[in-house]
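S.K.: Below: one structure in structure tokens.
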Amino acid sequence: MMINYNPEGKWSVESVQAKYWELCLSLGGVSGFEPQPRKHTNHNGTTWIYNVMDSVVDGVQLGDKACVQISIEYIQDNDMRSTTGYIRERMARALRNCELSNKQKSQLADTFIKQLESKRIYKEFREYCRLFKKIGVEPYKKEIEKYTNSNKQYIKRAALRLLA
């Protein structure tokens with residue numbers, strides 16, 4: 001039996017690897033690194049193939065600029081599947097320790113503000129708040145402040161957490 005956590009389409013193993021090699025040409029990558037899904041087989045013969053995005057997080061931790069960009073795009077896309085929230089949470093944690101360009105900071109900030117607008121706040125938003133503070137909340141302060149008066153308590157809390 002095989003359990004595969006990799007989706008088809010935009011975030012499939014093949015698509016992520018192709019995007020990685022494309023970005024390596026323009027941004028640079030870490031020598032010897034390639035995003036690969038982890039596999040585990042238990043004593044009964046059941047094999048789990050974990051999401052390739054887990055290895056992209058490992059690339060971010062190594063300082064791979066291509067993986068940093070893929071992570072930002074993955075957070076923006078907000079793909080909802082099994083374990084994707086956990087992966088985005090790890091990505092946000094890893095991105096806090098990376099050098100981000102102004103464009104990348106802006107991409108992330110816009111994504112976090114759009115989540116406030118859409119009123120779709122998930123567990124990983126706590127890590128997004130920590131990353132947003134590293135990016136710098138000040139340029140977005142006025143935009144965030146309008147959510148502190150939300151009648152939805154979780155939106156109000158998220159906005160106040162960003163401003164704290």
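Order determines the names: the first chain of the structure tokens is A, the second B, and so forth; residues in each chain are numbered 1 upward, and ligands are numbered 1 upward as they are shown.
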Please list as a PyMOL selection string every residue within 9 Å of Phe132 of chain A, counting only C-alpha atoms and excluding residues in the same chain fewer than 6 positions away.

M.R.: chain A and resi 96+105+108-109+112+162

S.K.: DSSP on the backbone: what in segment 13-129 of chain A comes out strand (DSSP E or B), as a ChimeraX atom specification?

M.R.: /A:39-41,47-49

S.K.: For the structure I just gave you, how does DSSP split segment 2-150 of chain A - specifically, which residues are alpha helix (DSSP H)? Reply as a compact mmCIF listing (two decimals) with N, CA and C atoms, in the first residue's frame.

M.R.:
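That gives us selection.txt:
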# COMPACT_ATOMS: atom_id res chain seq x y z
N VAL A 13 5.24 17.05 -7.48
CA VAL A 13 6.69 16.89 -7.36
C VAL A 13 7.37 17.39 -8.62
N GLU A 14 6.87 16.99 -9.78
CA GLU A 14 7.48 17.37 -11.05
C GLU A 14 7.43 18.88 -11.27
N SER A 15 6.30 19.50 -10.96
CA SER A 15 6.15 20.95 -11.13
C SER A 15 7.08 21.72 -10.21
N VAL A 16 7.16 21.29 -8.96
CA VAL A 16 8.03 21.98 -7.99
C VAL A 16 9.49 21.84 -8.41
N GLN A 17 9.88 20.65 -8.85
CA GLN A 17 11.27 20.45 -9.28
C GLN A 17 11.58 21.29 -10.51
N ALA A 18 10.66 21.35 -11.47
CA ALA A 18 10.88 22.17 -12.68
C ALA A 18 11.00 23.64 -12.31
N LYS A 19 10.11 24.11 -11.43
CA LYS A 19 10.16 25.51 -10.98
C LYS A 19 11.47 25.77 -10.25
N TYR A 20 11.90 24.82 -9.44
CA TYR A 20 13.15 24.98 -8.70
C TYR A 20 14.33 25.19 -9.66
N TRP A 21 14.43 24.34 -10.67
CA TRP A 21 15.56 24.45 -11.60
C TRP A 21 15.49 25.75 -12.40
N GLU A 22 14.29 26.17 -12.74
CA GLU A 22 14.10 27.44 -13.45
C GLU A 22 14.57 28.61 -12.58
N LEU A 23 14.17 28.61 -11.31
CA LEU A 23 14.57 29.68 -10.39
C LEU A 23 16.06 29.63 -10.05
N CYS A 24 16.63 28.44 -10.04
CA CYS A 24 18.07 28.31 -9.76
C CYS A 24 18.89 29.07 -10.80
N LEU A 25 18.42 29.07 -12.04
CA LEU A 25 19.14 29.76 -13.10
C LEU A 25 19.17 31.27 -12.87
N SER A 26 18.07 31.82 -12.37
CA SER A 26 18.00 33.27 -12.18
C SER A 26 18.41 33.73 -10.77
N LEU A 27 18.09 32.94 -9.74
CA LEU A 27 18.34 33.36 -8.36
C LEU A 27 19.54 32.67 -7.72
N MET A 53 7.08 19.72 -0.60
CA MET A 53 7.29 21.06 -0.02
C MET A 53 8.04 20.99 1.31
N ASP A 54 8.00 19.84 1.98
CA ASP A 54 8.82 19.68 3.19
C ASP A 54 10.29 19.85 2.87
N SER A 55 10.72 19.31 1.72
CA SER A 55 12.14 19.45 1.36
C SER A 55 12.45 20.88 0.90
N VAL A 56 11.45 21.59 0.39
CA VAL A 56 11.66 22.99 0.03
C VAL A 56 11.97 23.80 1.29
N VAL A 57 11.31 23.48 2.39
CA VAL A 57 11.60 24.14 3.67
C VAL A 57 13.05 23.87 4.07
N ASP A 58 13.50 22.63 3.86
CA ASP A 58 14.90 22.30 4.16
C ASP A 58 15.83 23.17 3.32
N GLY A 59 15.47 23.41 2.06
CA GLY A 59 16.26 24.28 1.19
C GLY A 59 16.30 25.71 1.70
N VAL A 60 15.17 26.19 2.20
CA VAL A 60 15.12 27.55 2.77
C VAL A 60 16.09 27.64 3.95
N GLN A 61 16.09 26.60 4.79
CA GLN A 61 16.98 26.59 5.96
C GLN A 61 18.45 26.56 5.55
N LEU A 62 18.74 26.03 4.35
CA LEU A 62 20.11 26.02 3.84
C LEU A 62 20.49 27.34 3.17
N LYS A 65 18.08 30.33 -2.41
CA LYS A 65 17.22 31.45 -2.86
C LYS A 65 16.04 30.97 -3.71
N ALA A 66 16.23 29.91 -4.48
CA ALA A 66 15.14 29.36 -5.27
C ALA A 66 14.04 28.80 -4.35
N CYS A 67 14.45 28.13 -3.29
CA CYS A 67 13.49 27.59 -2.32
C CYS A 67 12.77 28.70 -1.57
N VAL A 68 13.46 29.79 -1.30
CA VAL A 68 12.84 30.94 -0.64
C VAL A 68 11.70 31.46 -1.51
N GLN A 69 11.95 31.63 -2.81
CA GLN A 69 10.92 32.14 -3.71
C GLN A 69 9.76 31.16 -3.85
N ILE A 70 10.06 29.87 -3.95
CA ILE A 70 8.99 28.87 -4.04
C ILE A 70 8.14 28.90 -2.77
N SER A 71 8.76 29.06 -1.62
CA SER A 71 8.03 29.12 -0.35
C SER A 71 7.09 30.32 -0.32
N ILE A 72 7.57 31.45 -0.77
CA ILE A 72 6.74 32.66 -0.79
C ILE A 72 5.53 32.44 -1.70
N GLU A 73 5.74 31.85 -2.86
CA GLU A 73 4.63 31.58 -3.78
C GLU A 73 3.66 30.56 -3.20
N TYR A 74 4.18 29.58 -2.46
CA TYR A 74 3.33 28.57 -1.84
C TYR A 74 2.45 29.19 -0.75
N ILE A 75 3.05 30.07 0.04
CA ILE A 75 2.28 30.77 1.08
C ILE A 75 1.21 31.64 0.42
N GLN A 76 1.56 32.32 -0.67
CA GLN A 76 0.59 33.15 -1.39
C GLN A 76 -0.57 32.32 -1.92
N ASP A 77 -0.26 31.15 -2.46
CA ASP A 77 -1.28 30.31 -3.08
C ASP A 77 -2.27 29.76 -2.05
N THR A 84 -0.70 20.84 4.62
CA THR A 84 -0.18 22.05 4.00
C THR A 84 -0.08 23.21 4.99
N GLY A 85 -0.96 23.27 5.97
CA GLY A 85 -0.86 24.32 6.98
C GLY A 85 0.40 24.16 7.80
N TYR A 86 0.72 22.94 8.15
CA TYR A 86 1.95 22.65 8.89
C TYR A 86 3.17 23.04 8.06
N ILE A 87 3.13 22.75 6.77
CA ILE A 87 4.26 23.08 5.88
C ILE A 87 4.41 24.60 5.78
N ARG A 88 3.30 25.32 5.60
CA ARG A 88 3.37 26.79 5.52
C ARG A 88 3.88 27.38 6.82
N GLU A 89 3.51 26.78 7.94
CA GLU A 89 3.99 27.22 9.24
C GLU A 89 5.51 27.07 9.32
N ARG A 90 6.03 25.93 8.89
CA ARG A 90 7.49 25.71 8.87
C ARG A 90 8.18 26.67 7.91
N MET A 91 7.53 26.95 6.78
CA MET A 91 8.10 27.88 5.80
C MET A 91 8.25 29.27 6.41
N ALA A 92 7.20 29.73 7.06
CA ALA A 92 7.23 31.06 7.67
C ALA A 92 8.33 31.14 8.72
N ARG A 93 8.48 30.07 9.50
CA ARG A 93 9.52 30.03 10.53
C ARG A 93 10.90 30.08 9.89
N ALA A 94 11.09 29.33 8.81
CA ALA A 94 12.38 29.31 8.11
C ALA A 94 12.66 30.65 7.42
N LEU A 95 11.63 31.27 6.86
CA LEU A 95 11.81 32.54 6.15
C LEU A 95 12.23 33.68 7.09
N ASN A 102 13.17 43.31 -1.09
CA ASN A 102 12.02 44.19 -0.84
C ASN A 102 10.79 43.67 -1.56
N LYS A 103 10.97 43.14 -2.76
CA LYS A 103 9.84 42.58 -3.52
C LYS A 103 9.24 41.39 -2.77
N GLN A 104 10.09 40.52 -2.24
CA GLN A 104 9.61 39.36 -1.50
C GLN A 104 8.90 39.77 -0.22
N LYS A 105 9.43 40.77 0.47
CA LYS A 105 8.78 41.28 1.68
C LYS A 105 7.40 41.82 1.34
N SER A 106 7.32 42.55 0.24
CA SER A 106 6.04 43.12 -0.19
C SER A 106 5.05 42.02 -0.56
N GLN A 107 5.52 40.99 -1.25
CA GLN A 107 4.66 39.87 -1.62
C GLN A 107 4.06 39.23 -0.37
N LEU A 108 4.89 38.98 0.63
CA LEU A 108 4.41 38.35 1.86
C LEU A 108 3.45 39.27 2.62
N ALA A 109 3.80 40.53 2.75
CA ALA A 109 2.94 41.47 3.47
C ALA A 109 1.56 41.56 2.81
N ASP A 110 1.54 41.65 1.48
CA ASP A 110 0.26 41.69 0.76
C ASP A 110 -0.56 40.43 1.00
N THR A 111 0.11 39.31 1.04
CA THR A 111 -0.58 38.03 1.29
C THR A 111 -1.21 38.01 2.67
N PHE A 112 -0.47 38.47 3.68
CA PHE A 112 -0.99 38.45 5.05
C PHE A 112 -2.16 39.41 5.20
N ILE A 113 -2.08 40.56 4.57
CA ILE A 113 -3.18 41.53 4.64
C ILE A 113 -4.41 41.00 3.90
N LYS A 114 -4.21 40.33 2.78
CA LYS A 114 -5.34 39.74 2.05
C LYS A 114 -6.03 38.67 2.89
N GLN A 115 -5.27 37.96 3.71
CA GLN A 115 -5.89 36.97 4.60
C GLN A 115 -6.76 37.65 5.64
N LEU A 116 -6.31 38.79 6.14
CA LEU A 116 -7.16 39.55 7.07
C LEU A 116 -8.44 40.00 6.36
N GLU A 117 -8.29 40.52 5.14
CA GLU A 117 -9.44 40.99 4.35
C GLU A 117 -10.45 39.88 4.11
N SER A 118 -9.94 38.70 3.75
CA SER A 118 -10.82 37.58 3.40
C SER A 118 -11.42 36.91 4.64
N PHE A 125 -1.16 31.41 10.85
CA PHE A 125 -1.11 32.87 10.87
C PHE A 125 -0.25 33.38 12.04
N ARG A 126 -0.17 32.60 13.11
CA ARG A 126 0.68 32.99 14.24
C ARG A 126 2.14 33.12 13.78
N GLU A 127 2.60 32.17 12.96
CA GLU A 127 3.96 32.26 12.42
C GLU A 127 4.07 33.38 11.40
N TYR A 128 2.99 33.63 10.67
CA TYR A 128 2.98 34.73 9.70
C TYR A 128 3.18 36.06 10.43
N CYS A 129 2.56 36.20 11.60
CA CYS A 129 2.71 37.43 12.39
C CYS A 129 4.17 37.64 12.77
N ARG A 130 4.82 36.58 13.18
CA ARG A 130 6.24 36.69 13.55
C ARG A 130 7.10 37.06 12.35
N LEU A 131 6.79 36.48 11.19
CA LEU A 131 7.51 36.81 9.96
C LEU A 131 7.21 38.25 9.55
N PHE A 132 5.95 38.65 9.65
CA PHE A 132 5.55 40.01 9.27
C PHE A 132 6.31 41.04 10.11
N LYS A 133 6.50 40.75 11.39
CA LYS A 133 7.24 41.68 12.25
C LYS A 133 8.69 41.80 11.81
N LYS A 134 9.27 40.70 11.32
CA LYS A 134 10.64 40.75 10.81
C LYS A 134 10.69 41.57 9.53
N ILE A 135 9.67 41.43 8.69
CA ILE A 135 9.59 42.18 7.43
C ILE A 135 9.48 43.67 7.74
N LYS A 141 0.91 49.68 8.67
CA LYS A 141 0.21 49.90 9.93
C LYS A 141 -1.21 50.43 9.75
N LYS A 142 -1.38 51.46 8.91
CA LYS A 142 -2.72 52.03 8.70
C LYS A 142 -3.68 51.00 8.12
N GLU A 143 -3.18 50.19 7.19
CA GLU A 143 -4.02 49.17 6.57
C GLU A 143 -4.44 48.10 7.59
N ILE A 144 -3.53 47.74 8.47
CA ILE A 144 -3.82 46.72 9.48
C ILE A 144 -4.77 47.27 10.54
N GLU A 145 -4.59 48.54 10.91
CA GLU A 145 -5.41 49.15 11.96
C GLU A 145 -6.90 49.10 11.67

S.K.: So the first atom is atom CA of Tyr5 of chain A and the second is atom CA of Ile49 of chain A; what is the distance between them in Å, to one decimal place?

M.R.: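 Computing the Euclidean distance for atom CA of Tyr5 of chain A and atom CA of Ile49 of chain A yields 6.1 Å.
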
S.K.: What's the separation between atom CA of Asn4 of chain A and atom CA of Val30 of chain A, in Å to one decimal place?

M.R.: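 If I compute the distance from atom CA of Asn4 of chain A to atom CA of Val30 of chain A, I get 26.6 Å.
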
S.K.: Closest to Gly28 of chain A among A:Met2, A:Asp64, A:Trp48, A:Tyr154, using only C-alpha atoms?

M.R.: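 With only C-alpha atoms as the atom set, the closest residue is A:Asp64.
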
S.K.: With only C-alpha atoms as the atoms that count, which of A:Arg120, A:Glu138, A:Arg157, A:Pro7 lies nearest to Asn78 of chain A?

M.R.: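 Closest residue, counting only C-alpha atoms: A:Arg120.
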